[in-house]
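Notes for the one structure printed next.
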Amino acid sequence: MPSASRPRACALLCAVILAAASCATPSSPVSQGPNVTQASDVKPTVVLVHGAWADASSWDGEVDALATQGYDVRAIANPLENLTTDAASVATFLRSLNGPIVLVGHSYGGSVITEAAAAIPSVKALVYVDAAAPDVGETNGSLSGADSVLKQRPESELFDKLPGTSAGTSDLYLKEDIFVHNFGNDLPADTAKRLWAAQRTASTAAFDTPATQAAWKSIPSWYFISSGDQIITPTSERTMAARARSQVTEFQGGSHLTLISHPEAVIKVIQDAIASVK
C-alpha cells in the first residue's frame with residue numbers, strides 16, 4: 001500500500017469500530033460487569049438458638065467466626081418458657097428475614113427449631129448441636145436418654161426449684177455441682193462456675209410440652225454429637241439423628257457445652273449445612 005494512503009485507511013477503520021460500539025445496547029452482556037449478583041451467590045442467614053440454662057452468648061465463638069467469613073449471623077433469645085410459645089417467638093423472628101436460612105439449635109433449642117421451622121419455607125437446613133429433635137407428640141424432657149444424669153439423679157440433687165410464672169409450673173436452675181461436673185464438664189472449672197452463676201432459669205413447661213411439628217421430616221438436617229455429653233446423651237442423639245436421616249458428626253470428648261469449649265468443631269458442621277443451600 002502506498003504510504004500516502006495509509007493514514008486514510010486507518011482513519012476509515014477507526015470510524016467503523018466507533019460506529020459499531022455506538023450501536024451496542026445497554027442490555028448487552030458486554031455492558032454487565034463482574035459485580036452483578038447472581039441468585040446462586042446469595043449467602044444464607046445463620047440463626048442460632050440457645051438451649052436451657054444458657055443464653056445467646058453461648059454462641060459467641062460461632063458468631064465471631066461466621067461473621068468473619070462474611071455471613072449474616074444472628075444468635076437470638078430463646079424465652080425458655082414453653083415449647084409452643086418459644087417456637088412461635090423464634091418463628092416470628094425468622095419471618096422477618098429475607099433469603100434462605102440455616103437454623104441451628106443447641107440442647108432444648110433443638111426442640112424449638114424443630115417446631116418453629118415447619119411453617120417457614122425459607123429455612124433450608126437444620127443443624128442440631130448436642131440437641132433434642134422431637135417427633136410430634138414427644139417432649140424435650142423425654143429425649144435426654146436413659147443414661148442421662150437428668151434421669152440418673154433425683155430432682156432434689158439436680159435443680160434449685162422456684163415457683164413458675166404459669167400455674168402448675170416451676171422454674172428450674174441447675175445446681176452448681178451438676179452444672180460444673182455434668183453440664184460443662186470439659187470446661188475449666190472457673191469458666192463453668194461463671195456460666196453457672198449467670199445461667200437463665202428454664203420452665204418445666206419447656207420440657208413437658210409436646211411437640212406439634214417435626215420440621216426434620218421435610219428439611220435436610222445435620223447432627224453434631226459430643227461423646228462427652230451427659231445431659232442429652234449420644235445414645236439418644238444417635239437415635240434421633242437416624243430417624244431424621246441427618247448427616248452426623250461425632251466429636252470425641254466435649255460436653256453438653258462443646259459449642260463453647262470447641263466452637264471450631266461446631267462451625268465445621270454449620271458450614272456443611274451452609275454449603276448445601278443453593
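Going by the C-alpha cells order, chains are called A, B, ..., each with residues numbered from 1, while ligands are numbered from 1 in the order shown.
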
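Every protein, DNA or RNA residue with an atom at most 8 Å from Glu264 of chain A, where only C-alpha atoms count and chain neighbours fewer than 2 positions away do not, is listed here: Gly61, Glu62, His262, Val266, Ile267 and Lys268 of chain A.
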
Discussion item. At a cut-off of 6 Å, using only C-alpha atoms, what residues contact Glu138 of chain A? Leave out same-chain residues fewer than 3 positions from it and give the result as an MDAnalysis selection string.
Written reply: chainID A and resid 134:135 210:211

Worksheet item: Which polymer residues have any atom within 8 Å of an atom of Val47 of chain A, counting only C-alpha atoms, with same-chain residues fewer than 5 positions away left out, as a PyMOL selection string?
Response: chain A and resi 73-76+101-104

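The protein and nucleic acid residues lying at most 10 Å from Thr258 of chain A are Ser58, His106, Val129, Asp130, Phe183, Gly184, Asn185, Asp186, Leu187, Phe224, Ile225, Ser226, Gly228, Asp229, Phe251, Gly253, Gly254, His262, Pro263, Glu264, Ala265 and Val266 of chain A, with only C-alpha atoms considered and sequence neighbours fewer than 4 positions away removed.
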